$ cat protein.cif   # mmCIF, C-alpha atoms
data_protein
loop_
_atom_site.label_atom_id
_atom_site.label_comp_id
_atom_site.auth_asym_id
_atom_site.auth_seq_id
_atom_site.Cartn_x
_atom_site.Cartn_y
_atom_site.Cartn_z
CA GLN A 1 10.07 24.14 -47.19
CA TYR A 2 13.45 25.47 -46.06
CA GLU A 3 14.21 29.16 -46.08
CA THR A 4 17.17 30.31 -48.09
CA LEU A 5 19.74 32.26 -46.12
CA THR A 6 20.14 35.96 -46.67
CA HIS A 7 23.52 37.34 -47.68
CA GLN A 8 23.95 38.78 -44.19
CA GLN A 9 23.36 35.35 -42.61
CA LYS A 10 25.83 33.71 -45.00
CA VAL A 11 28.49 36.29 -44.13
CA ALA A 12 27.86 35.88 -40.39
CA ARG A 13 28.17 32.10 -40.68
CA LEU A 14 31.36 32.41 -42.73
CA TYR A 15 32.80 34.73 -40.07
CA ARG A 16 31.89 32.33 -37.26
CA ARG A 17 33.36 29.34 -39.10
CA ALA A 18 36.53 31.35 -39.79
CA LEU A 19 36.93 32.05 -36.07
CA ARG A 20 36.25 28.41 -35.17
CA SER A 21 38.77 27.28 -37.77
CA LEU A 22 41.27 29.74 -36.32
CA THR A 23 41.02 27.89 -32.99
CA ASP A 24 42.47 24.81 -34.71
CA TRP A 25 45.53 26.76 -35.82
CA LYS A 26 46.02 29.06 -32.82
CA PRO A 27 45.02 27.32 -29.57
CA LYS A 28 46.67 30.00 -27.38
CA ARG A 29 44.24 32.87 -26.80
CA TYR A 30 46.82 35.66 -27.15
CA GLN A 31 47.77 34.34 -30.61
CA TRP A 32 44.12 33.80 -31.54
CA ASN A 33 43.11 37.36 -30.60
CA ALA A 34 45.66 38.97 -32.92
CA VAL A 35 44.58 36.96 -35.96
CA ALA A 36 40.88 37.29 -35.07
CA CYS A 37 41.28 41.08 -35.15
CA GLU A 38 42.80 40.80 -38.64
CA ILE A 39 39.88 38.64 -39.80
CA ARG A 40 37.39 41.12 -38.33
CA ALA A 41 39.16 44.02 -40.03
CA GLU A 42 39.00 42.21 -43.38
CA PHE A 43 35.25 41.57 -42.97
CA ASP A 44 34.66 45.20 -41.92
CA SER A 45 36.65 46.57 -44.87
CA ASN A 46 34.30 44.78 -47.27
CA ARG A 47 31.10 45.76 -45.50
CA ALA A 48 30.06 48.38 -48.06
CA ALA A 49 30.74 46.25 -51.15
CA ASP A 50 28.17 46.34 -53.95
CA PRO A 51 26.04 43.17 -54.39
CA ALA A 52 28.10 41.68 -57.23
CA ASP A 53 31.36 42.15 -55.34
CA ALA A 54 29.72 40.88 -52.17
CA LYS A 55 28.77 37.58 -53.83
CA ARG A 56 32.29 37.22 -55.24
CA LEU A 57 33.86 38.01 -51.86
CA LEU A 58 31.60 35.49 -50.15
CA ARG A 59 32.52 32.80 -52.69
CA GLU A 60 36.24 33.60 -52.32
CA GLY A 61 35.89 33.56 -48.54
CA GLU A 62 34.30 30.10 -48.62
CA GLN A 63 37.12 28.85 -50.86
CA ARG A 64 39.74 30.40 -48.61
CA LEU A 65 38.17 28.87 -45.51
CA HIS A 66 38.11 25.47 -47.21
CA LYS A 67 41.77 25.86 -48.20
CA PHE A 68 42.83 26.77 -44.65
CA THR A 69 40.80 24.12 -42.84
CA HIS A 70 43.07 22.31 -40.40
CA PRO A 71 43.78 18.65 -41.30
CA ASP A 72 43.55 17.64 -37.62
CA PRO A 73 41.01 20.00 -36.01
CA TYR A 74 40.96 20.62 -32.28
CA LEU A 75 38.34 18.63 -30.40
CA VAL A 76 37.27 19.21 -26.82
CA PRO A 77 38.71 16.15 -25.01
CA TYR A 78 35.46 15.02 -23.37
CA MET A 79 33.32 15.35 -26.53
CA PRO A 80 32.86 12.56 -29.13
CA GLY A 81 36.14 12.13 -30.97
CA GLY A 82 38.13 13.67 -28.12
CA SER A 83 40.86 11.80 -26.25
CA LYS A 84 38.86 11.54 -23.01
CA PHE A 85 35.47 10.66 -24.51
CA MET A 86 34.08 7.54 -22.81
CA ARG A 87 37.40 6.97 -21.05
CA ASN A 88 35.56 5.69 -18.00
CA PRO A 89 32.15 4.63 -19.28
CA PRO A 90 29.58 3.40 -16.80
CA PRO A 91 29.62 -0.36 -16.30
CA PRO A 92 26.83 -2.38 -17.94
CA LEU A 93 23.81 -2.88 -15.69
CA GLU A 94 24.20 -6.64 -16.03
CA ALA A 95 27.59 -6.35 -14.30
CA VAL A 96 26.25 -4.07 -11.57
CA PHE A 97 23.21 -6.27 -10.88
CA PRO A 98 24.28 -9.90 -11.59
CA ASP A 99 21.04 -11.26 -10.10
CA GLY A 100 18.87 -9.14 -12.38
CA ILE A 101 18.10 -5.46 -12.70
CA PRO A 102 15.63 -4.32 -10.00
CA PRO A 103 12.40 -2.76 -11.31
CA GLU A 104 13.08 0.55 -9.50
CA VAL A 105 16.15 1.13 -11.69
CA ASN A 106 14.64 2.94 -14.66
CA VAL A 107 17.58 3.13 -17.03
CA VAL A 108 17.53 2.65 -20.78
CA SER A 109 19.95 -0.09 -21.77
CA GLN A 110 22.15 2.15 -23.94
CA THR A 111 22.00 4.95 -26.46
CA ILE A 112 23.83 5.03 -29.78
CA GLU A 113 26.87 6.57 -28.06
CA GLY A 114 26.87 3.84 -25.41
CA VAL A 115 25.71 6.15 -22.62
CA GLN A 116 23.07 4.99 -20.17
CA LEU A 117 20.30 7.53 -19.64
CA PRO A 118 17.72 7.54 -16.85
CA LYS A 119 14.14 7.76 -18.07
CA SER A 120 13.75 10.90 -15.95
CA ALA A 121 16.12 12.65 -18.42
CA TRP A 122 13.69 12.07 -21.29
CA LYS A 123 11.51 14.93 -22.40
CA GLU A 124 7.81 14.32 -22.61
CA GLY A 125 6.60 13.49 -26.09
CA HIS A 126 10.03 12.59 -27.49
CA GLU A 127 10.72 9.17 -28.94
CA HIS A 128 13.99 7.56 -27.75
CA VAL A 129 15.84 4.61 -29.20
#

$ encode --input "protein.cif" --output "structure tokens"
Amino acid sequence: QYETLTHQQKVARLYRRALRSLTDWKPKRYQWNAVACEIRAEFDSNRAADPADAKRLLREGEQRLHKFTHPDPYLVPYMPGGSKFMRNPPPPLEAVFPDGIPPEVNVVSQTIEGVQLPKSAWKEGHEHV
């Protein structure tokens, strides 16, 4: 059912994950750029490797990326897990409308993340919990 990834796709994904992992270690862009150029040069130097070496290099790259994964990765503050996520969540509708929620307010009670979504934000044909 699922397609297997080609070697080229695996290498591209490894490269992207390496750059994302680099952001955890080097948050300043001028530091990040220097190391990113080194990573790119290493990938380019192995571009013409024969298939057996390419598989070995890919496996070693995955192991190296796993070894250098940051123990406390950088998270965007307003995303789930970030320091500002849900800092000021919307108040519950029961608190806003103590006498009952008017019928013209078409808001789902809450999603899994605790965020209230208007029904107008739903896409047609999608099931929502």

$ atom_distance --input "protein.cif" --atom1 "CA of Arg13 (chain A)" --atom2 "CA of Ala41 (chain A)"
16.2 Å

$ closest_residue --input "protein.cif" --among "A:Tyr74, A:Phe68, A:Tyr30, A:Phe97" --to "Ala18 (chain A)" --atoms "only C-alpha atoms"
A:Phe68

$ resolve_selection --input "protein.cif" --expression "the PyMOL selection byres ((chain A and resi 19) around 12)" --output "list in words"
Ala12, Arg13, Leu14, Tyr15, Arg16, Arg17, Ala18, Arg20, Ser21, Leu22, Thr23, Asp24, Trp25, Lys26, Pro27, Arg29, Trp32, Asn33, Ala34, Val35, Ala36, Cys37, Glu38, Ile39, Arg40, Phe43, Leu65, Phe68 and Thr69 of chain A

$ write_last_selection --input "protein.cif" --atoms "C-alpha atoms" --output "mmCIF file, keeping the file's coordinate frame"
data_model
loop_
_atom_site.group_PDB
_atom_site.id
_atom_site.type_symbol
_atom_site.label_atom_id
_atom_site.label_comp_id
_atom_site.auth_asym_id
_atom_site.auth_seq_id
_atom_site.Cartn_x
_atom_site.Cartn_y
_atom_site.Cartn_z
ATOM 1 C CA ALA A 12 27.860 35.880 -40.390
ATOM 2 C CA ARG A 13 28.170 32.100 -40.680
ATOM 3 C CA LEU A 14 31.360 32.410 -42.730
ATOM 4 C CA TYR A 15 32.800 34.730 -40.070
ATOM 5 C CA ARG A 16 31.890 32.330 -37.260
ATOM 6 C CA ARG A 17 33.360 29.340 -39.100
ATOM 7 C CA ALA A 18 36.530 31.350 -39.790
ATOM 8 C CA ARG A 20 36.250 28.410 -35.170
ATOM 9 C CA SER A 21 38.770 27.280 -37.770
ATOM 10 C CA LEU A 22 41.270 29.740 -36.320
ATOM 11 C CA THR A 23 41.020 27.890 -32.990
ATOM 12 C CA ASP A 24 42.470 24.810 -34.710
ATOM 13 C CA TRP A 25 45.530 26.760 -35.820
ATOM 14 C CA LYS A 26 46.020 29.060 -32.820
ATOM 15 C CA PRO A 27 45.020 27.320 -29.570
ATOM 16 C CA ARG A 29 44.240 32.870 -26.800
ATOM 17 C CA TRP A 32 44.120 33.800 -31.540
ATOM 18 C CA ASN A 33 43.110 37.360 -30.600
ATOM 19 C CA ALA A 34 45.660 38.970 -32.920
ATOM 20 C CA VAL A 35 44.580 36.960 -35.960
ATOM 21 C CA ALA A 36 40.880 37.290 -35.070
ATOM 22 C CA CYS A 37 41.280 41.080 -35.150
ATOM 23 C CA GLU A 38 42.800 40.800 -38.640
ATOM 24 C CA ILE A 39 39.880 38.640 -39.800
ATOM 25 C CA ARG A 40 37.390 41.120 -38.330
ATOM 26 C CA PHE A 43 35.250 41.570 -42.970
ATOM 27 C CA LEU A 65 38.170 28.870 -45.510
ATOM 28 C CA PHE A 68 42.830 26.770 -44.650
ATOM 29 C CA THR A 69 40.800 24.120 -42.840
#

$ atom_distance --input "protein.cif" --atom1 "CA of Met86 (chain A)" --atom2 "CA of Pro103 (chain A)"
26.6 Å

$ atom_distance --input "protein.cif" --atom1 "CA of Gln63 (chain A)" --atom2 "CA of Glu42 (chain A)"
15.4 Å
